[in-house]
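Note: the block below is final04.txt and it holds compact mmCIF, C-alpha atoms.
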```txt
# COMPACT_ATOMS: atom_id res chain seq x y z
CA MET K 1 -40.44 -39.60 -44.18
CA ALA K 2 -38.66 -37.29 -41.73
CA ASP K 3 -35.95 -34.93 -43.03
CA THR K 4 -32.54 -35.87 -41.53
CA THR K 5 -30.34 -33.41 -43.39
CA SER K 6 -30.09 -30.94 -40.43
CA SER K 7 -30.48 -33.25 -37.43
CA ASP K 8 -28.30 -35.71 -35.57
CA ILE K 9 -28.05 -39.05 -37.37
CA PRO K 10 -27.40 -42.31 -35.47
CA THR K 11 -24.78 -44.50 -37.09
CA ASP K 12 -24.68 -48.26 -37.18
CA SER K 13 -22.48 -48.27 -34.08
CA GLY K 14 -24.98 -46.11 -32.17
CA THR K 15 -22.75 -42.97 -32.02
CA LEU K 16 -24.61 -39.73 -32.72
CA GLN K 17 -23.25 -37.66 -35.58
CA THR K 18 -23.95 -34.21 -36.93
CA ALA K 19 -25.39 -33.65 -40.38
CA ASP K 20 -21.89 -33.32 -41.87
CA GLY K 21 -20.84 -36.70 -40.47
CA ARG K 22 -18.76 -35.58 -37.46
CA PRO K 23 -19.25 -37.23 -34.04
CA LEU K 24 -21.59 -35.12 -31.93
CA LYS K 25 -19.24 -35.18 -28.91
CA ALA K 26 -16.33 -33.82 -30.97
CA ALA K 27 -18.56 -31.17 -32.54
CA LEU K 28 -19.76 -29.98 -29.13
CA ALA K 29 -16.18 -29.83 -27.84
CA THR K 30 -15.17 -27.75 -30.88
CA ALA K 31 -18.10 -25.38 -30.36
CA GLN K 32 -17.27 -24.94 -26.66
CA ARG K 33 -13.62 -24.31 -27.48
CA SER K 34 -14.60 -21.69 -30.04
CA ALA K 35 -16.87 -20.01 -27.49
CA ARG K 36 -14.07 -19.94 -24.91
CA ASN K 37 -11.66 -18.48 -27.47
CA ARG K 38 -14.14 -15.76 -28.42
CA ALA K 39 -14.68 -14.90 -24.77
CA PHE K 40 -10.91 -14.78 -24.18
CA TYR K 41 -10.35 -12.46 -27.13
CA LEU K 42 -13.13 -10.18 -25.87
CA VAL K 43 -11.56 -9.82 -22.43
CA LEU K 44 -7.97 -9.78 -23.73
CA PRO K 45 -7.76 -5.94 -23.98
CA LEU K 46 -8.98 -5.62 -20.38
CA LEU K 47 -6.58 -8.35 -19.26
CA LEU K 48 -3.65 -6.59 -20.92
CA PHE K 49 -4.72 -3.30 -19.34
CA VAL K 50 -4.82 -4.87 -15.87
CA VAL K 51 -1.44 -6.56 -16.36
CA VAL K 52 0.26 -3.40 -17.65
CA THR K 53 -1.27 -0.93 -15.19
CA PHE K 54 -1.74 -3.11 -12.09
CA ILE K 55 0.06 -6.46 -12.01
CA PHE K 56 3.33 -5.30 -13.58
CA PRO K 57 3.72 -2.17 -11.36
CA ILE K 58 3.00 -4.19 -8.22
CA GLY K 59 5.52 -6.83 -9.26
CA GLN K 60 8.09 -4.13 -9.98
CA MET K 61 7.41 -2.57 -6.58
CA LEU K 62 7.89 -5.89 -4.79
CA MET K 63 11.13 -6.48 -6.70
CA ARG K 64 12.37 -3.02 -5.79
CA SER K 65 11.65 -3.72 -2.10
CA VAL K 66 14.21 -6.55 -2.00
CA SER K 67 16.74 -5.37 -4.59
CA ASP K 68 18.80 -2.21 -5.02
CA PRO K 69 22.01 -3.24 -6.86
CA ARG K 70 23.62 0.21 -7.00
CA PHE K 71 26.38 -0.95 -4.66
CA ILE K 72 27.38 -3.81 -6.97
CA GLU K 73 26.43 -2.47 -10.42
CA HIS K 74 26.74 0.83 -12.22
CA VAL K 75 24.41 1.57 -15.15
CA ASP K 76 25.59 4.09 -17.73
CA LEU K 77 22.56 6.29 -18.37
CA GLY K 78 23.80 7.14 -21.86
CA THR K 79 24.50 3.65 -23.21
CA GLY K 80 22.68 1.46 -20.71
CA GLU K 81 25.86 -0.54 -20.14
CA VAL K 82 26.08 -2.33 -16.77
CA THR K 83 29.50 -2.35 -15.08
CA PRO K 84 30.24 -4.48 -11.97
CA ILE K 85 31.64 -2.42 -9.09
CA MET K 86 33.02 -3.11 -5.59
CA VAL K 87 34.32 -6.44 -6.96
CA GLY K 88 37.30 -6.63 -4.61
CA LEU K 89 35.29 -5.90 -1.49
CA ARG K 90 32.59 -8.38 -2.50
CA THR K 91 35.25 -11.05 -2.95
CA TRP K 92 36.58 -10.37 0.54
CA PHE K 93 33.04 -10.63 1.96
CA ASP K 94 32.60 -14.00 0.23
CA GLU K 95 35.84 -15.33 1.71
CA ASN K 96 35.24 -14.08 5.27
CA PRO K 97 32.18 -14.69 7.47
CA ALA K 98 30.04 -11.96 9.00
CA GLY K 99 31.61 -10.35 12.05
CA THR K 100 35.19 -10.74 10.79
CA GLU K 101 37.25 -7.66 11.56
CA PRO K 102 38.47 -5.99 8.34
CA ASP K 103 42.19 -6.63 7.78
CA GLU K 104 44.75 -5.06 5.46
CA ALA K 105 43.42 -7.11 2.54
CA ALA K 106 39.94 -5.73 3.10
CA TYR K 107 41.16 -2.14 3.10
CA ALA K 108 43.31 -2.79 0.03
CA ALA K 109 40.23 -4.11 -1.78
CA LEU K 110 38.29 -1.04 -0.62
CA VAL K 111 40.93 1.34 -1.99
CA ALA K 112 40.99 -0.48 -5.35
CA ASP K 113 37.21 -0.31 -5.56
CA LEU K 114 37.17 3.39 -4.69
CA VAL K 115 39.68 4.06 -7.46
CA HIS K 116 37.44 2.17 -9.89
CA LEU K 117 34.39 4.11 -8.71
CA ARG K 118 36.27 7.34 -9.40
CA GLU K 119 37.14 6.22 -12.92
CA ILE K 120 33.54 5.44 -13.89
CA ARG K 121 32.02 8.17 -11.70
CA ALA K 122 29.88 5.75 -9.71
CA GLN K 123 30.93 6.74 -6.18
CA GLY K 124 27.79 8.82 -5.65
CA ASN K 125 25.37 5.97 -6.44
CA ALA K 126 27.32 3.40 -4.41
CA GLY K 127 27.53 5.78 -1.45
CA THR K 128 23.84 6.65 -1.68
CA ARG K 129 22.92 2.97 -1.45
CA ILE K 130 24.91 2.61 1.79
CA ASN K 131 23.67 5.98 3.05
CA TYR K 132 20.12 4.60 3.25
CA VAL K 133 21.23 2.41 6.17
CA TYR K 134 24.38 4.17 7.38
CA PRO K 135 23.91 7.99 7.39
CA GLY K 136 26.92 9.90 6.14
CA ALA K 137 28.21 7.12 3.90
CA ARG K 138 27.70 9.06 0.67
CA SER K 139 30.15 11.78 1.66
CA MET K 140 32.60 9.11 2.81
CA PHE K 141 32.47 7.39 -0.58
CA THR K 142 32.72 10.58 -2.63
CA GLY K 143 35.57 11.93 -0.49
CA GLY K 144 37.34 8.58 -0.38
CA ALA K 145 37.10 8.12 -4.15
CA ARG K 146 38.74 11.51 -4.72
CA ARG K 147 41.75 10.62 -2.55
CA ALA K 148 42.00 6.86 -3.07
CA GLY K 149 44.36 7.13 -6.03
CA ARG K 150 46.97 8.86 -3.84
CA LEU K 151 46.86 6.40 -0.95
CA GLU K 152 49.80 4.09 -0.31
CA PRO K 153 50.20 0.94 1.85
CA PRO K 154 49.45 0.20 4.58
CA PHE K 155 45.97 0.97 3.28
CA LYS K 156 44.20 0.44 6.60
CA ASP K 157 46.11 3.27 8.28
CA ALA K 158 45.76 5.46 5.20
CA ILE K 159 41.97 4.97 5.07
CA LEU K 160 41.52 5.58 8.79
CA ASP K 161 43.65 8.71 8.64
CA MET K 162 41.28 9.94 5.96
CA ASP K 163 38.13 9.16 8.01
CA GLU K 164 37.97 7.09 11.19
CA ASP K 165 34.36 6.11 10.46
CA TRP K 166 35.68 3.60 7.91
CA ALA K 167 36.53 1.36 10.88
CA ASP K 168 32.93 1.30 12.15
CA PRO K 169 31.71 -2.36 12.19
CA ALA K 170 28.16 -1.16 11.39
CA LEU K 171 29.46 0.34 8.12
CA TRP K 172 31.15 -2.91 7.12
CA GLN K 173 28.04 -4.92 7.96
CA THR K 174 25.97 -2.55 5.84
CA MET K 175 28.36 -2.93 2.91
CA ARG K 176 28.28 -6.72 3.36
CA SER K 177 24.47 -6.89 3.31
CA SER K 178 24.41 -4.55 0.29
CA SER K 179 26.92 -6.63 -1.70
CA GLY K 180 24.26 -9.14 -2.77
CA ARG K 181 21.61 -8.61 -5.41
CA TYR K 182 18.75 -9.30 -3.01
CA THR K 183 18.38 -8.20 0.59
CA ALA K 184 15.72 -8.13 3.30
CA ASP K 185 17.22 -5.03 4.92
CA PHE K 186 14.52 -2.71 3.60
CA TYR K 187 11.78 -4.83 5.14
CA LEU K 188 13.77 -4.89 8.38
CA ALA K 189 13.95 -1.09 8.30
CA ALA K 190 10.21 -0.94 7.59
CA ILE K 191 9.52 -2.73 10.91
CA ASP K 192 12.15 -0.75 12.85
CA ARG K 193 14.79 -3.47 12.79
CA GLU K 194 18.44 -3.51 11.69
CA ARG K 195 21.47 -5.78 11.66
CA ASP K 196 24.31 -5.45 14.17
CA ALA K 197 27.99 -5.86 13.35
CA GLN K 198 27.63 -9.67 13.47
CA GLY K 199 24.62 -9.67 11.16
CA ASN K 200 22.06 -10.40 13.89
CA ILE K 201 18.68 -8.66 13.74
CA GLN K 202 17.96 -6.17 16.50
CA LYS K 203 15.65 -3.24 17.25
CA VAL K 204 16.70 0.23 16.17
CA ASP K 205 17.19 2.98 18.72
CA GLU K 206 13.96 4.19 20.29
CA GLU K 207 14.26 7.67 18.79
CA ARG K 208 14.53 6.14 15.30
CA ALA K 209 11.59 3.74 15.67
CA ILE K 210 8.89 5.48 13.66
CA TYR K 211 7.50 3.00 11.14
CA LEU K 212 5.67 0.64 13.50
CA LEU K 213 4.21 3.69 15.25
CA LEU K 214 2.89 4.97 11.92
CA PHE K 215 1.51 1.55 10.99
CA GLU K 216 -0.26 1.41 14.36
CA ARG K 217 -1.62 4.93 13.95
CA THR K 218 -2.81 4.16 10.43
CA LEU K 219 -4.57 1.00 11.61
CA ILE K 220 -6.27 2.69 14.57
CA LEU K 221 -7.43 5.76 12.62
CA SER K 222 -8.68 3.59 9.75
CA VAL K 223 -10.72 1.47 12.15
CA VAL K 224 -12.14 4.60 13.83
CA ILE K 225 -13.05 6.13 10.45
CA THR K 226 -14.67 2.85 9.35
CA LEU K 227 -16.79 2.68 12.52
CA LEU K 228 -17.84 6.33 12.21
CA THR K 229 -18.87 5.91 8.57
CA LEU K 230 -20.87 2.81 9.54
CA ILE K 231 -22.64 4.61 12.39
CA LEU K 232 -23.45 7.62 10.21
CA GLY K 233 -24.13 5.71 6.99
CA PHE K 234 -26.41 2.96 8.27
CA PRO K 235 -29.45 5.19 9.02
CA VAL K 236 -28.93 7.11 5.76
CA ALA K 237 -28.86 3.87 3.77
CA PHE K 238 -31.94 2.66 5.67
CA LEU K 239 -33.81 5.83 4.70
CA LEU K 240 -32.73 5.45 1.08
CA ALA K 241 -34.01 1.88 1.04
CA THR K 242 -37.38 2.51 2.77
CA LEU K 243 -38.49 5.99 1.69
CA PRO K 244 -40.75 6.40 -1.34
CA LEU K 245 -38.84 6.67 -4.59
CA ARG K 246 -39.43 10.41 -5.08
CA TYR K 247 -37.84 11.16 -1.70
CA SER K 248 -35.07 8.56 -1.88
CA ASN K 249 -33.93 9.94 -5.26
CA VAL K 250 -33.43 13.39 -3.74
CA LEU K 251 -31.52 11.88 -0.82
CA MET K 252 -29.39 9.81 -3.21
CA ILE K 253 -28.42 13.00 -5.08
CA LEU K 254 -27.21 14.47 -1.79
CA VAL K 255 -25.19 11.31 -1.11
CA LEU K 256 -23.58 11.41 -4.56
CA LEU K 257 -23.00 15.17 -4.53
CA PRO K 258 -19.50 14.90 -2.96
CA PHE K 259 -18.37 12.82 -5.96
CA TRP K 260 -19.06 15.84 -8.17
CA THR K 261 -16.77 18.04 -6.08
CA SER K 262 -12.98 17.94 -6.17
CA LEU K 263 -11.32 16.08 -3.30
CA LEU K 264 -8.95 19.00 -2.85
CA VAL K 265 -11.85 21.42 -2.55
CA ARG K 266 -13.59 19.27 0.07
CA THR K 267 -10.39 18.93 2.09
CA THR K 268 -9.56 22.63 2.04
CA SER K 269 -13.17 23.36 3.01
CA TRP K 270 -12.64 21.38 6.19
CA ILE K 271 -9.53 23.47 6.89
CA VAL K 272 -11.71 26.60 6.71
CA LEU K 273 -14.34 25.03 8.97
CA LEU K 274 -12.09 23.46 11.62
CA GLN K 275 -9.23 25.90 12.09
CA THR K 276 -8.92 27.83 15.34
CA GLN K 277 -10.44 30.97 13.80
CA GLY K 278 -12.75 28.92 11.61
CA VAL K 279 -16.49 28.66 11.25
CA VAL K 280 -17.07 25.91 13.84
CA ASN K 281 -15.09 27.67 16.56
CA ASP K 282 -16.72 31.02 15.76
CA ILE K 283 -20.21 29.51 16.12
CA ALA K 284 -19.26 27.76 19.38
CA VAL K 285 -17.94 31.04 20.78
CA SER K 286 -20.98 33.03 19.62
CA VAL K 287 -23.47 30.67 21.31
CA GLY K 288 -21.39 30.52 24.50
CA LEU K 289 -20.27 26.89 24.36
CA ILE K 290 -16.59 27.91 24.68
CA THR K 291 -14.72 31.11 25.39
CA ASP K 292 -12.61 32.94 22.86
CA GLU K 293 -9.48 31.93 24.77
CA SER K 294 -10.37 28.21 24.76
CA ARG K 295 -10.99 27.68 21.06
CA LEU K 296 -10.76 24.03 20.03
CA GLN K 297 -7.76 22.76 18.09
CA MET K 298 -9.45 20.56 15.48
CA ILE K 299 -7.01 20.88 12.60
CA TYR K 300 -3.45 19.69 11.95
CA ASN K 301 -3.93 16.75 14.29
CA GLN K 302 -5.63 13.34 14.33
CA THR K 303 -9.03 14.93 15.01
CA GLY K 304 -8.91 16.84 11.73
CA THR K 305 -7.81 13.73 9.87
CA VAL K 306 -10.69 11.65 11.26
CA ILE K 307 -13.36 14.29 10.62
CA ALA K 308 -12.30 15.08 7.06
CA MET K 309 -11.74 11.46 6.02
CA THR K 310 -15.05 10.35 7.57
CA HIS K 311 -16.89 12.90 5.48
CA ILE K 312 -15.00 12.00 2.30
CA LEU K 313 -15.40 8.22 2.70
CA LEU K 314 -19.01 8.22 3.94
CA PRO K 315 -20.56 7.59 0.46
CA PHE K 316 -18.39 4.49 0.08
CA MET K 317 -20.17 3.03 3.12
CA ILE K 318 -23.68 4.18 2.20
CA LEU K 319 -23.78 2.74 -1.32
CA PRO K 320 -22.91 -0.90 -0.40
CA LEU K 321 -25.38 -0.76 2.50
CA TYR K 322 -28.10 0.61 0.24
CA SER K 323 -27.51 -2.09 -2.40
CA VAL K 324 -28.12 -4.76 0.26
CA MET K 325 -31.00 -3.04 2.10
CA ARG K 326 -33.04 -2.23 -0.99
CA PRO K 327 -33.99 -5.85 -1.87
CA ILE K 328 -34.93 -6.75 1.75
CA ASN K 329 -38.65 -7.42 1.87
CA PRO K 330 -40.32 -5.23 4.57
CA SER K 331 -42.76 -8.06 5.26
CA TYR K 332 -39.99 -9.96 7.08
CA VAL K 333 -39.88 -7.41 9.89
CA ARG K 334 -43.67 -7.05 9.91
CA ALA K 335 -44.00 -10.81 10.28
CA ALA K 336 -41.62 -10.80 13.23
CA ARG K 337 -43.59 -7.97 14.85
CA SER K 338 -46.86 -9.85 14.31
CA LEU K 339 -45.37 -12.88 16.08
CA GLY K 340 -44.67 -10.82 19.20
CA ALA K 341 -41.12 -9.52 18.64
CA THR K 342 -40.31 -6.00 19.73
CA SER K 343 -38.94 -3.48 17.24
CA TRP K 344 -35.41 -3.96 18.62
CA THR K 345 -35.68 -7.75 18.49
CA ALA K 346 -37.03 -7.71 14.94
CA PHE K 347 -34.19 -5.42 13.87
CA ARG K 348 -31.49 -7.39 15.69
CA ARG K 349 -32.58 -10.89 14.66
CA ILE K 350 -34.18 -10.30 11.26
CA TYR K 351 -33.10 -7.08 9.56
CA LEU K 352 -29.50 -6.71 10.77
CA PRO K 353 -28.34 -10.22 9.74
CA LEU K 354 -29.66 -9.56 6.22
CA THR K 355 -27.49 -6.44 5.98
CA ILE K 356 -24.25 -8.17 7.04
CA PRO K 357 -22.92 -8.47 3.43
CA GLY K 358 -23.39 -4.74 2.93
CA ILE K 359 -21.81 -3.88 6.28
CA ALA K 360 -18.84 -6.10 5.54
CA ALA K 361 -18.40 -4.80 1.98
CA GLY K 362 -18.70 -1.16 3.03
CA SER K 363 -16.32 -1.63 5.95
CA LEU K 364 -13.81 -3.41 3.73
CA LEU K 365 -13.98 -0.68 1.09
CA VAL K 366 -13.72 2.21 3.55
CA PHE K 367 -10.89 0.59 5.53
CA ILE K 368 -8.82 -0.12 2.40
CA LEU K 369 -9.29 3.43 1.15
CA ALA K 370 -8.45 4.87 4.58
CA VAL K 371 -5.15 3.02 5.05
CA GLY K 372 -3.91 4.28 1.69
CA TYR K 373 -5.17 7.87 1.85
CA TYR K 374 -2.57 10.53 1.25
CA ILE K 375 -3.92 13.99 0.31
CA THR K 376 -6.30 14.54 3.22
CA PRO K 377 -3.87 13.54 6.04
CA ALA K 378 -1.15 15.61 4.36
CA LEU K 379 -3.35 18.74 4.35
CA VAL K 380 -5.27 18.49 7.63
CA GLY K 381 -3.29 15.99 9.69
CA GLY K 382 -0.19 17.93 10.62
CA SER K 383 2.67 15.98 12.20
CA ARG K 384 0.39 13.93 14.48
CA GLY K 385 -2.22 13.10 11.86
CA GLN K 386 0.09 11.71 9.19
CA LEU K 387 -0.43 8.13 8.03
CA ILE K 388 2.00 5.57 6.63
CA SER K 389 1.07 6.64 3.09
CA ASN K 390 2.55 10.08 3.76
CA LEU K 391 5.87 8.53 4.76
CA ILE K 392 5.84 6.36 1.64
CA ALA K 393 5.37 9.52 -0.43
CA PHE K 394 8.23 11.18 1.48
CA HIS K 395 10.64 8.39 0.61
CA MET K 396 9.50 8.44 -3.02
CA GLN K 397 9.73 12.20 -3.50
CA ASN K 398 12.26 13.54 -0.99
CA SER K 399 14.68 10.96 0.37
CA LEU K 400 14.51 8.99 -2.93
CA ASN K 401 14.80 5.75 -0.97
CA TRP K 402 12.45 3.94 -3.32
CA SER K 403 13.32 0.51 -1.95
CA LEU K 404 12.23 1.43 1.57
CA ALA K 405 9.08 3.04 0.18
CA ALA K 406 8.40 -0.17 -1.76
CA ALA K 407 8.95 -2.26 1.38
CA LEU K 408 6.48 -0.11 3.34
CA ALA K 409 3.98 -0.38 0.50
CA GLY K 410 4.59 -4.14 0.31
CA LEU K 411 3.74 -4.53 4.00
CA LEU K 412 0.61 -2.45 3.46
CA LEU K 413 -0.34 -4.62 0.48
CA GLY K 414 0.20 -7.76 2.57
CA GLY K 415 -2.12 -6.41 5.26
CA ILE K 416 -4.82 -5.68 2.68
CA LEU K 417 -4.54 -9.20 1.23
CA ILE K 418 -4.91 -10.66 4.73
CA LEU K 419 -8.02 -8.51 5.17
CA TYR K 420 -9.46 -9.87 1.91
CA TRP K 421 -8.72 -13.39 3.11
CA LEU K 422 -10.51 -12.78 6.42
CA TYR K 423 -13.48 -11.29 4.56
CA ASP K 424 -13.66 -14.36 2.34
CA ARG K 425 -13.50 -16.69 5.36
CA LEU K 426 -16.08 -14.80 7.44
CA VAL K 427 -18.52 -13.46 4.85
CA GLY K 428 -17.56 -14.92 1.49
CA ILE K 429 -16.17 -12.98 -1.42
CA ASP K 430 -19.18 -14.02 -3.50
CA ASN K 431 -21.35 -11.92 -1.17
CA LEU K 432 -19.34 -8.76 -1.87
CA LYS K 433 -21.76 -6.02 -2.92
CA LEU K 434 -20.33 -2.55 -3.52
CA GLY K 435 -23.42 -0.80 -4.85
```

Would you encode the structure as C-alpha cells?
Amino acid sequence: MADTTSSDIPTDSGTLQTADGRPLKAALATAQRSARNRAFYLVLPLLLFVVVTFIFPIGQMLMRSVSDPRFIEHVDLGTGEVTPIMVGLRTWFDENPAGTEPDEAAYAALVADLVHLREIRAQGNAGTRINYVYPGARSMFTGGARRAGRLEPPFKDAILDMDEDWADPALWQTMRSSSGRYTADFYLAAIDRERDAQGNIQKVDEERAIYLLLFERTLILSVVITLLTLILGFPVAFLLATLPLRYSNVLMILVLLPFWTSLLVRTTSWIVLLQTQGVVNDIAVSVGLITDESRLQMIYNQTGTVIAMTHILLPFMILPLYSVMRPINPSYVRAARSLGATSWTAFRRIYLPLTIPGIAAGSLLVFILAVGYYITPALVGGSRGQLISNLIAFHMQNSLNWSLAAALAGLLLGGILILYWLYDRLVGIDNLKLG
C-alpha cells in the first residue's frame, strides 16, 4: 500500500490537500507569498538606498524648482520657527488683479511689511528672492527696511522719494508672482522667458538670452561626441570581439586603462597636449605642417571640449558594443559571403543589424554622460566650451539661485527621460546591454 503521509491526498469532494490537511491551492498561495516577502526583504536595503540617495534628492530638486517661499515666509535658523511675512502686500495682490497700478493702499501695505521685515531681520532673504528676477531688489529691500519706520503718509510719495525704482511695474509684477508658494517663473527663466507688467509671458532681452543657447550647445556637442565615440569605438569593439583571446585581453586592458587613472589627471593631460605651446602644436611645427606663428588654438574652446570628452567617454561606447558583438556567430557573415554577398553587403545587411542594440545602448550612455559633464568643460572649454551643467554649478555655488539651478536641472532630466522613452520605442529597453 502506497505511503500517503507526505503526498497530496484527494478528499471526498475531489479537492487536493497537503499532508497536513490544508487545500493545495491555499498552500501554494501561502508559499508564493512567503517567497515574495523574502525577495522583498532581500532587496529592501537596496530600495531604501535608491530612495534616499536618488528618488528623494530628485524630488527635492523638482520641488525647489517651483517653490522658493522666502518672500512669504521667514525661517528662524535658531529655533526653526516659520513666520509669515509680506502679509499686507500679499493681501493687496489677492484683492487686485495683475496689471493694477499700485495705489496708496499698496504702498501703505509695503511700508508695514518693510517695518515687520526689519523687526525680524528678514529683509535680506525677502530681497534676495526678488533679486533673482529683478536685479537690485535686495539693496532696495534692505535700505527700505532701515528707513520704513520713519516714513509718514502719504506713503507712495515717501517710498518714491526714497527710491524711484519702487514704482517700476516689473518690480511689482515680480513681487506678485513671488507672493505665492509655487511659481513657474524659474522654468520661464530657464527658457529665456519672463513676465511683463501685466503678467504675460514674453522673451527676455537678446543680451540676456543665454540658457537656450547653452542647451543648444550642450545638445550639439553631446551629439558630436557620441558620433565620434561611435566612429572610433566600433572598430575597436570589432577587434575585441574577433581577435583571439590572448590578443583581445591585452586590447581590453588598454580600453580599461583610463578607468584606473583619475579624471582630473586625464583632463589636465589634454591641457598639456592641446595648448598653444603644447605637445601637439610643437610636433606640427617641427614637421612643417604649420608655422610657429600659426599655432592651432585647440584649448579653452569647443574643440578642446570635444577632444577631451571623446577620449574620456570612449570606453563607455566600446564596452556595450563589445558585449553585443562577442556573441555574434562569425558563420553568419561567412554564409552571406558564400551566397554571393560582397563584404560590404554582408556587413550592412547581416552584421550591422545584429549590433544595433549595442550601438543604441552605447550612444544612449555616452550622450547622457556628455550632457551632464562638468569637470572637463570647466577645465578645457573656456567661455565658448561651457555646457549647461557648468551654469547649473554656477547658480548652485556662486549666485546661490538654487531654484533656477533646479529648474535647469529639471529640464535636463526631462530631456533624458524623453531620450529613454525614444530608446524604448525604437530599440526596446529590454535590449539594453551596457557591457

Checklist entry - Counting all atoms listed in the file, which of K:Ala109, K:Leu77, K:Leu245, K:Ile375 gets nearest to Arg121 of chain K? => result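 With all atoms listed in the file as the atom set, the closest residue is K:Leu77.
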
Checklist entry - Please, what distance in Å, to one decimal, runs between atom CA of Ile130 of chain K and atom CA of Asp165 of chain K? => result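 We find that atom CA of Ile130 of chain K and atom CA of Asp165 of chain K lie 13.3 Å from each other.
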
Show me the residues close to (-18.1, -6.5, 3.4) - anything with an atom within 12 Å, counting only C-alpha atoms - and format the list as a tab-separated table (two decimals) with C-alpha atoms, in the coordinates of the input.
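Contents of point-v4.tsv, as written:
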```tsv
chain	number	residue	atom	x	y	z
K	226	THR	CA	-14.67	2.85	9.35
K	230	LEU	CA	-20.87	2.81	9.54
K	316	PHE	CA	-18.39	4.49	0.08
K	317	MET	CA	-20.17	3.03	3.12
K	319	LEU	CA	-23.78	2.74	-1.32
K	320	PRO	CA	-22.91	-0.90	-0.40
K	321	LEU	CA	-25.38	-0.76	2.50
K	323	SER	CA	-27.51	-2.09	-2.40
K	324	VAL	CA	-28.12	-4.76	0.26
K	355	THR	CA	-27.49	-6.44	5.98
K	356	ILE	CA	-24.25	-8.17	7.04
K	357	PRO	CA	-22.92	-8.47	3.43
K	358	GLY	CA	-23.39	-4.74	2.93
K	359	ILE	CA	-21.81	-3.88	6.28
K	360	ALA	CA	-18.84	-6.10	5.54
K	361	ALA	CA	-18.40	-4.80	1.98
K	362	GLY	CA	-18.70	-1.16	3.03
K	363	SER	CA	-16.32	-1.63	5.95
K	364	LEU	CA	-13.81	-3.41	3.73
K	365	LEU	CA	-13.98	-0.68	1.09
K	366	VAL	CA	-13.72	2.21	3.55
K	367	PHE	CA	-10.89	0.59	5.53
K	368	ILE	CA	-8.82	-0.12	2.40
K	419	LEU	CA	-8.02	-8.51	5.17
K	420	TYR	CA	-9.46	-9.87	1.91
K	421	TRP	CA	-8.72	-13.39	3.11
K	422	LEU	CA	-10.51	-12.78	6.42
K	423	TYR	CA	-13.48	-11.29	4.56
K	424	ASP	CA	-13.66	-14.36	2.34
K	425	ARG	CA	-13.50	-16.69	5.36
K	426	LEU	CA	-16.08	-14.80	7.44
K	427	VAL	CA	-18.52	-13.46	4.85
K	428	GLY	CA	-17.56	-14.92	1.49
K	429	ILE	CA	-16.17	-12.98	-1.42
K	430	ASP	CA	-19.18	-14.02	-3.50
K	431	ASN	CA	-21.35	-11.92	-1.17
K	432	LEU	CA	-19.34	-8.76	-1.87
K	433	LYS	CA	-21.76	-6.02	-2.92
K	434	LEU	CA	-20.33	-2.55	-3.52
K	435	GLY	CA	-23.42	-0.80	-4.85
```

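Restricting the calculation to all atoms listed in the file, the smallest distance between Pro235 of chain K and any of K:Leu219, K:Asn200, K:Ile318, K:Ser248 is found for K:Ile318.
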
Could I get segment 341-352 of chain K rebuilt with N, CA and C atoms, written as a tab-separated table (two decimals), in the frame of the given file?
```tsv
chain	number	residue	atom	x	y	z
K	341	ALA	N	-42.45	-10.09	18.44
K	341	ALA	CA	-41.12	-9.52	18.64
K	341	ALA	C	-41.22	-8.01	18.77
K	342	THR	N	-40.38	-7.45	19.62
K	342	THR	CA	-40.31	-6.00	19.73
K	342	THR	C	-39.58	-5.44	18.51
K	343	SER	N	-39.62	-4.11	18.38
K	343	SER	CA	-38.94	-3.48	17.24
K	343	SER	C	-37.44	-3.77	17.28
K	344	TRP	N	-36.85	-3.70	18.49
K	344	TRP	CA	-35.41	-3.96	18.62
K	344	TRP	C	-35.08	-5.42	18.30
K	345	THR	N	-35.92	-6.33	18.77
K	345	THR	CA	-35.68	-7.75	18.49
K	345	THR	C	-35.82	-8.06	17.01
K	346	ALA	N	-36.84	-7.48	16.38
K	346	ALA	CA	-37.03	-7.71	14.94
K	346	ALA	C	-35.85	-7.15	14.15
K	347	PHE	N	-35.34	-5.99	14.57
K	347	PHE	CA	-34.19	-5.42	13.87
K	347	PHE	C	-32.94	-6.27	14.10
K	348	ARG	N	-32.73	-6.68	15.35
K	348	ARG	CA	-31.49	-7.39	15.69
K	348	ARG	C	-31.46	-8.79	15.12
K	349	ARG	N	-32.58	-9.48	15.06
K	349	ARG	CA	-32.58	-10.89	14.66
K	349	ARG	C	-33.03	-11.11	13.22
K	350	ILE	N	-33.69	-10.13	12.63
K	350	ILE	CA	-34.18	-10.30	11.26
K	350	ILE	C	-33.47	-9.36	10.29
K	351	TYR	N	-33.58	-8.05	10.55
K	351	TYR	CA	-33.10	-7.08	9.56
K	351	TYR	C	-31.57	-7.00	9.55
K	352	LEU	N	-30.95	-6.89	10.71
K	352	LEU	CA	-29.50	-6.71	10.77
K	352	LEU	C	-28.73	-7.87	10.14
```
